[in-house]
Structure formats: structure tokens, C-alpha cells
2 protein chains.
Amino acid sequence: MADLSPIKFYFDFTSPYGYLASERIEHIARTHQRDISWHPIVLGFIFKLTETKPLVDIPLKGDYAHRDIARSARQHQISLNMPEPFPIGTVAAARACLWARDTKPEILPELVHTLYRSYFVDGLDISSTDNVVRAAETTGVERQELLDALAGARVKELLKNEIELAVSAGVFGSPFIIIDDEPFWGHDRLEHVDKWLESGGW
Amino acid sequence: MADLSPIKFYFDFTSPYGYLASERIEHIARTHQRDISWHPIVLGFIFKLTETKPLVDIPLKGDYAHRDIARSARQHQISLNMPEPFPIGTVAAARACLWARDTKPEILPELVHTLYRSYFVDGLDISSTDNVVRAAETTGVERQELLDALAGARVKELLKNEIELAVSAGVFGSPFIIIDDEPFWGHDRLEHVDKWLESGGW
């Protein structure tokens, strides 16, 4: 899968549609012989730029969103239990992934899935560093090594850079996918993604 | 098609996704033996409640929206030329449709399509009463009769009621579809609509 540029997959760990897309993007990528580059971001910082609030916090839209999320999960037969609390801060989870990408990239996809499922299937509140580390341990991460990393300055810098790069690339939501400079926003655009990869634009 | 409740189709004439959905909803309705009740609304009034702006006016999202609209039209092979000016006020067009629904309901679907295509295919600025009447004449409407109606108090009242009822029903976007109390928001939810009609929920 070396010739084609990877699918850039931007996501926030508190985004239900990001979770749903994370469960489907690898199948799509494999079908079209693409790799995935995983980009954990924290939307709170970006929402300030786009004057946006989380969908569930907007009058009228909140109720609808919960219904649509459940329907979308059932449509694709993906396990999802809306967690409480929701939404949550995802700085620790994002930093853990960026540390993994930096130091042991081979575990990154599994770490992404583990953290997402811990929150959206098992209801583990991954806003806490303790719970992020607990979930990460199941992927073979050494507890103290991750705790040290999360306490250090490097992961802060990595996340700051990651978000700045995402904004420069035009990312404003989760999931957000970029393929050869073409942007796709939302779990509901995976059909477009698939069609785009098949035809190279249409 | 008398036994099943109609598909309630809410739309704003300046909404590109509303236009795209208007070109597809009748096929879906026929497939599932449903009628359609057409509900022209003016989103500007509703956006105040949801603290929303048109997608194209939001930083970062505007460029993306134009790209996604074009892609969505091509996906379904529907003619669409993004008009200028855009967005536009749609009070006159909505009132014309409510007048038709009130006095000659048999022409309503054709009037909806004619107005939408006049704007999104031919680029006619249907924010002006003159252009609304010009487009409506092609559906057999008598010019002076519609002009008189649009100048009267009744259509104002009809539109005011229509929007109030839409808000009570939880409508906050375009297109917005309600089937047996289940809400669906967006052209990108027609797949859900189709699945829902087929299975009665899933």
C-alpha cells in the first residue's frame, strides 16, 4: 500500500459519529489499498473557530442527535451505548494516541479502537488519565511508561501541533476525512469516501 | 395510499439539500405506498431558535459545504448549478406554495419542483414575487390570481402557522422529514428514511 497516499482520519474521542466511522474506515481503506493515518484531535478548541457547539447541546438538535446516533449504529450493526457523562474532555486520550504514534506506531490502531470502545461500548469515562491508562494497558502498553509520557511536556506539544495542523487542513468536525486533498465530513459521508476512492472523484 | 400516514416533507426553497431531497422523495414514497405532505418553511425564523446560521456562512464550513453539495448532486445525477445570489429569502415562494395547497392542492408538487428547479437549475432569483409568479405560471397558475393572493393577509397567516407547527414538531433544518413521528434531518438521511419505511423502524 505504498503508492497511494494514506486516508487521513481525524477524530475526537467524545464523538459518537467518529466512533462509528472508526469501526468502518479500515474495511474501506483495505478495499481500496490505502493506509490510514490516525489524527486524534480535540474539537473544543476548533469549535471556537467555527462558532459551533456540540450538536447535543443545541436546542432541538440534541434530542434528534441521540436518536440519529442510535439509528446510525443499528444501521451498521455497531455496538454503541450512549455513555454518561457525555460529552467528555478528550485531551488525555488524544495525547496517549499521539504518544503511541510517536513511540510505538504499530499499536496505534488498536489503541484507538480500545479507547473508543471503552467509552462508547463499556461506558468507561476516558476523560480521566487513570482510565485512559487502564484501557491502554490492555493493548500491551506499559502502565508507568504511559503515565510518565502523559505527565511530560512532549505530548502536550504533540497535541497542540496536531490540532494546529488539522485547522490548517480545514478540519472542523469529527470524523473528518481527507483523501488526496478532498475533504469529507461525517460518518454519513463514508459512502462518498468509498465512491471517491473507487473512481478518483466522480 | 390511504391507510398509511403521509411522509411529512419540510423544506426551505434556498436549501440545496432540500432541493436534492425534493428530487428523490417521491420515488421513495411511491416505493413504500406513501403520500407526501409538502411543508414549505422559512428557516431563518427557526435558526434564531437553534442559534444556527446557514452552513455556508460559517467559517471553514462554507467552502466545504459547496464542495459537498456538488458531490451529493453528482452522486445522484441531479442537475444543480449553485445560484447567485445565495442564500435568498424564500417567503414569497413558500407563500405561493401554501396558497396552492390551500386552493388547488393538485398542482402543489409540480409547483414545488418548478420553483426549486427555477432557482437551482436555471438560476432564477425566486426571492422576488415577480419571479415566483413567472415560474408558477408555467404550472398553469393564473398570474393575477397568484399576485392577488400574495398581496393578501391569508398567505401571511398560512406561513406563520406553518412555521409554528413545524417548530412544535421539532423541525430545525431542511430537508426535514417526519414519518409516523420519527424525525430525519438532511438529504443524507434518505437512506434511513427508505430503511425505516421498509422495516417500520429497525
# chains A, B, ... in the order shown; residues from 1 in each chain; ligands from 1
$ closest_atom_pairs --of "chain A" --to "chain B" --cutoff "8 Å" --atoms "only C-alpha atoms" --output "Markdown table"
| residue | atom | partner | partner_atom | distance |
| --- | --- | --- | --- | --- |
| A:Leu49 | CA | B:Pro59 | CA | 7.3 |
| A:Thr50 | CA | B:Pro59 | CA | 5.4 |
| A:Glu51 | CA | B:Ile58 | CA | 7.6 |
| A:Ile58 | CA | B:Thr50 | CA | 6.3 |
| A:Pro59 | CA | B:Thr50 | CA | 5.4 |
| A:Leu60 | CA | B:Gly170 | CA | 6.3 |
| A:Lys61 | CA | B:Phe172 | CA | 7.3 |
| A:Tyr64 | CA | B:Pro183 | CA | 7.3 |
| A:Asp68 | CA | B:Phe184 | CA | 7.8 |
| A:Arg71 | CA | B:Trp202 | CA | 7.9 |
| A:Arg74 | CA | B:Trp202 | CA | 7.3 |
| A:Gln75 | CA | B:Trp202 | CA | 7.7 |
| A:Gly170 | CA | B:Leu60 | CA | 6.3 |
| A:Val171 | CA | B:Leu60 | CA | 7.9 |
| A:Phe172 | CA | B:Leu60 | CA | 7.0 |
| A:Pro183 | CA | B:Tyr64 | CA | 7.3 |
| A:Phe184 | CA | B:Asp68 | CA | 7.8 |
| A:Asp188 | CA | B:Asp188 | CA | 6.9 |
| A:Trp202 | CA | B:Arg74 | CA | 7.3 |
$ write_last_selection --atoms "N, CA and C atoms" --output "PDB file, in the first residue's frame"
ATOM      1  N   LEU A  49     -13.365  28.348  16.779  1.00  0.00           N
ATOM      2  CA  LEU A  49     -13.140  29.000  15.481  1.00  0.00           C
ATOM      3  C   LEU A  49     -14.382  28.993  14.607  1.00  0.00           C
ATOM      4  N   THR A  50     -15.153  27.906  14.699  1.00  0.00           N
ATOM      5  CA  THR A  50     -16.308  27.783  13.807  1.00  0.00           C
ATOM      6  C   THR A  50     -17.591  28.209  14.508  1.00  0.00           C
ATOM      7  N   GLU A  51     -17.434  28.782  15.716  1.00  0.00           N
ATOM      8  CA  GLU A  51     -18.601  29.268  16.459  1.00  0.00           C
ATOM      9  C   GLU A  51     -19.653  28.169  16.596  1.00  0.00           C
ATOM     10  N   ILE A  58     -27.261  21.852  21.419  1.00  0.00           N
ATOM     11  CA  ILE A  58     -28.041  22.868  20.712  1.00  0.00           C
ATOM     12  C   ILE A  58     -29.526  22.576  20.891  1.00  0.00           C
ATOM     13  N   PRO A  59     -30.325  23.616  21.231  1.00  0.00           N
ATOM     14  CA  PRO A  59     -31.767  23.393  21.414  1.00  0.00           C
ATOM     15  C   PRO A  59     -32.370  22.672  20.201  1.00  0.00           C
ATOM     16  N   LEU A  60     -33.286  21.796  20.433  1.00  0.00           N
ATOM     17  CA  LEU A  60     -33.965  20.992  19.405  1.00  0.00           C
ATOM     18  C   LEU A  60     -33.069  19.901  18.817  1.00  0.00           C
ATOM     19  N   LYS A  61     -31.805  20.246  18.516  1.00  0.00           N
ATOM     20  CA  LYS A  61     -30.952  19.277  17.831  1.00  0.00           C
ATOM     21  C   LYS A  61     -30.488  18.153  18.747  1.00  0.00           C
ATOM     22  N   TYR A  64     -32.736  15.079  18.752  1.00  0.00           N
ATOM     23  CA  TYR A  64     -32.632  14.461  17.435  1.00  0.00           C
ATOM     24  C   TYR A  64     -31.317  13.699  17.299  1.00  0.00           C
ATOM     25  N   ASP A  68     -30.599   9.893  16.142  1.00  0.00           N
ATOM     26  CA  ASP A  68     -29.891   9.604  14.893  1.00  0.00           C
ATOM     27  C   ASP A  68     -28.650   8.752  15.150  1.00  0.00           C
ATOM     28  N   ARG A  71     -29.787   5.208  15.618  1.00  0.00           N
ATOM     29  CA  ARG A  71     -30.232   4.660  14.327  1.00  0.00           C
ATOM     30  C   ARG A  71     -29.031   4.325  13.446  1.00  0.00           C
ATOM     31  N   ARG A  74     -27.333   1.176  14.648  1.00  0.00           N
ATOM     32  CA  ARG A  74     -28.108  -0.023  14.285  1.00  0.00           C
ATOM     33  C   ARG A  74     -27.992  -0.312  12.796  1.00  0.00           C
ATOM     34  N   GLN A  75     -28.000   0.770  11.989  1.00  0.00           N
ATOM     35  CA  GLN A  75     -27.912   0.579  10.536  1.00  0.00           C
ATOM     36  C   GLN A  75     -26.684  -0.247  10.163  1.00  0.00           C
ATOM     37  N   GLY A 170      -8.202  22.494   7.275  1.00  0.00           N
ATOM     38  CA  GLY A 170      -9.631  22.759   7.081  1.00  0.00           C
ATOM     39  C   GLY A 170     -10.557  21.856   7.888  1.00  0.00           C
ATOM     40  N   VAL A 171      -9.990  21.133   8.837  1.00  0.00           N
ATOM     41  CA  VAL A 171     -10.801  20.201   9.640  1.00  0.00           C
ATOM     42  C   VAL A 171     -11.659  20.983  10.640  1.00  0.00           C
ATOM     43  N   PHE A 172     -12.947  20.670  10.715  1.00  0.00           N
ATOM     44  CA  PHE A 172     -13.813  21.381  11.666  1.00  0.00           C
ATOM     45  C   PHE A 172     -14.817  20.465  12.349  1.00  0.00           C
ATOM     46  N   PRO A 183     -11.912  16.801   1.096  1.00  0.00           N
ATOM     47  CA  PRO A 183     -12.416  16.647   2.467  1.00  0.00           C
ATOM     48  C   PRO A 183     -13.795  15.997   2.528  1.00  0.00           C
ATOM     49  N   PHE A 184     -13.993  15.190   3.540  1.00  0.00           N
ATOM     50  CA  PHE A 184     -15.284  14.527   3.781  1.00  0.00           C
ATOM     51  C   PHE A 184     -15.596  14.660   5.263  1.00  0.00           C
ATOM     52  N   ASP A 188     -21.665   9.989   7.968  1.00  0.00           N
ATOM     53  CA  ASP A 188     -22.603   9.809   6.849  1.00  0.00           C
ATOM     54  C   ASP A 188     -21.963  10.118   5.507  1.00  0.00           C
ATOM     55  N   TRP A 202     -15.695  11.879  -9.012  1.00  0.00           N
ATOM     56  CA  TRP A 202     -16.711  11.423  -9.957  1.00  0.00           C
ATOM     57  C   TRP A 202     -17.547  12.588 -10.417  1.00  0.00           C
TER      58      TRP A 202
END
$ closest_residue --among "A:Arg154, A:His39, A:His32, A:Lys8" --to "A:Glu198" --atoms "only C-alpha atoms"
A:His32
